[in-house]
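What follows is a short report on a single structure.
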Amino acid sequence: MNSEPQPKLESWKEIAAYLQRDVKTAHRWEKHEGLPIHRHTHKSRSSVYAHAAEIDAWKLSRKAVREPVPSPSLWRVPTFALTILMCLVMVGNGIRPQAASAQEGKAGVKRILVPKGKLQYLTLSPDGQWLGGTDWNSGDLVLTRTSSGETRRLVQGHFNDDPVSWAQSPLLSPDQKQVAYWWYDYADPQAHGQVRLMANQPGAKPRVLVQATDGPDGTMPIAWSPDGKRMLVNLGRREEGQPIHEIAWATVSDGSVQVIRKLERWNSARNYSFVLSPDGRYIAYSGRMGPDAPDTAIYVFSADGASQAEIVRGGSNVDPVWTPDGSRILFGSNRSGSFGLWSAPVREGKPAGVPSLLRPDTSIARPIGVSRTGRYFYNAHPGLRQIFIAPMDPGTGKATPGVPESFVGEAPTWSLDGKWLAFKRQSLNSDSQRSLVVRSGERGNEWTLVPNLSDDAPLWHRNGTVQFDGSKRRVSVDSGQPEVVTIPFQVPSGVPSPDEKLLYRRPNGTTEGLEALDAVTGEVAKKMFPVPGGVIFFTVSPDGKTLAVISGGSPILHLSRIDTDGSNYRELISPVSLGRPVWSHDGRWIYFGQPQQSSTAERILRIPSEGGQLESTGISIDDLRGFDVNSEGTKIAYSGGSKTLEVWAIDNVLSILK
């Protein structure tokens, strides 16, 4: 066996030479055929590299015919030239020439509907006739017909009452006579995330199939078994204080539960990323490859939990969906350099070939499902979120009227001297792909530096570096041009005190309270103190004595303050938006977002840190995605965009696989 390492190709020139083609062809193959190219992103440009082994595998999967050398006499004949051109186009897109007539007009991308108000869909009936979701204005459980937009309200939620309750993720049984769904009721501690069943009729009486657990997410339904006798569920639990997922089968007749697999929280993505194969024998999901690994892989394990296989790795691989025949898994991936829709063949729960690119440069944000006829439904944002920068009066907290400066991004954070802005920028092709961008406030220059960020917002430190994940990597602006650097030791994650001697955090993943660590040794400096209502987001006051905390449960959240020793708790205002509160530079005010019942927009307000009369900044925006006020209080950077997720579909996706 040859143990020599495979060569790493460090430039377009080397990649093209290995392919025995020119650089232009290599560019084209990456863009249109999924040639596996990787990028080092740094400063204002990026460099590329590739692994010879990956290119070899790609060449085997490509199934392309040799490009003919055109004959001058034949190319003068229009019909022959057109035929050759069509063949080349079909080869370049992975389509066999003999199937060309069957392809035409059958694999188009179409917008199915634009949801009204705050309707959002996460599930699809097997026949593709019904979308299942939640009306986030009311908390109602809804089914919407894909052909007409007709909406049926199955379960009534209570968003405008206190306490709040709502339902989501409806799953129709194979015979479409029953509906399983997730239910959350703040009035009932036992109903903080239940799986319920009811007849497929509006207002039918439900019964609890699986009771809520002690985990952070309750119990979520995943899928019906093909015979309708069992329900696959995801149990959110804690083990030794750490959140985990337990995948289990629940018997529909008596509610008995059999756990088949346990997954640590870091190894499993969103609750609804688990998908059952059409024959009910395997479960696919997307998860990280290690606690600190930025990459995600697609895994498949057997329905009894006895075996697991890694199907796809390398880059970000997310949101798996089975094809109707169970022979392939469709998933989103940036393995070609940009985000696209890929397919991986699977046989008996194991990889059966190399992945292939179905559609490059997709705008897929989140899949909903594939119908039996092969129609692929997904949610997509109609536009990218933007960051706006507006002048602000530090005395009144009012933004200056006029057209603010704007650019694409979210989660903006000012450096402590106010000269730099760090933020995240989502990919043009995927809502789940983001990079760290650092922008000069004085010159307006930008540097895109780090792909595949964690969900956390960038965090500036006193030494002028940006923390963007839990690793030793930081971004430094010392040279006047941002660059990635490595610090000598890994600092525990947390929110630093102003002098950066302490790090405040939620211990062991709990949301019940906070503790403080010594920023140098990592040892506990202040034991955990409870915060009424729990902790979702928090920030430290400029003098280091007080914490501003966002607490409660969606959609009713409240802003409170508590001293850093756990005393003097006081609730300030409710409801507030989900997001990080911001202190004014003098500590007198706390800025926060607030939803509006009459519209989808959210306002940015401020309240005295001791409590009192609210003041508006004059800013209102849909889908508020973070904001920050500079140290002098003269500028505010805020981000948002459209909150509506449009429903799109790729018709006859199976035809692309032939």
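Residues are named by chain letter and number: chains run A, B, ... in the order of the structure tokens, numbers start at 1 in each chain, and ligands are numbered from 1 in the order shown.
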
Name all residues at most 8 Å from range 459-474 of chain A (count only C-alpha atoms; drop same-chain ones fewer than 6 positions away) and give them as a PyMOL selection string. chain A and resi 292+413-416+422+436+453+484-493+500

Point-to-point distance in Å for CA of Ala187 in chain A and CA of Ile604 in chain A: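 Atom-to-atom, CA of Ile604 in chain A and CA of Ala187 in chain A are spaced 29.3 Å apart.
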
Restricting the calculation to only C-alpha atoms, which member of A:Gly332, A:Ala411, A:Val520, A:Gly349 is positioned closest to Arg366 in chain A? A:Gly332

Surrounding residues of range 630-640 of chain A excluding itself and chain neighbours under 3 positions, 8 Å, only C-alpha atoms, as a count of residues only: 31

Using only C-alpha atoms, which of the listed residues (A:Gln211, A:Arg375, A:Asp304, A:Gln176) sits closest to Ala248 in chain A? A:Asp304

Find the spatial neighbours of Leu209 in chain A, counting only C-alpha atoms, within a cut-off of 6 Å - ignore same-chain residues fewer than 3 positions away - and output them as JSON, numbers by chain. {"A": [195, 196, 255]}

Which residues come within 7 Å of Glu615 in chain A, counting only C-alpha atoms, excluding same-chain residues fewer than 6 positions away, as a PyMOL selection string? chain A and resi 605-607

Range 324-328 of chain A: which residues within 6 Å, counting only C-alpha atoms, same-chain residues fewer than 3 positions away excluded, as a list in words?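 Counting only the stated atoms, we get Ser277, Pro278, Ala344, Pro345, Val346 and Arg372 of chain A.
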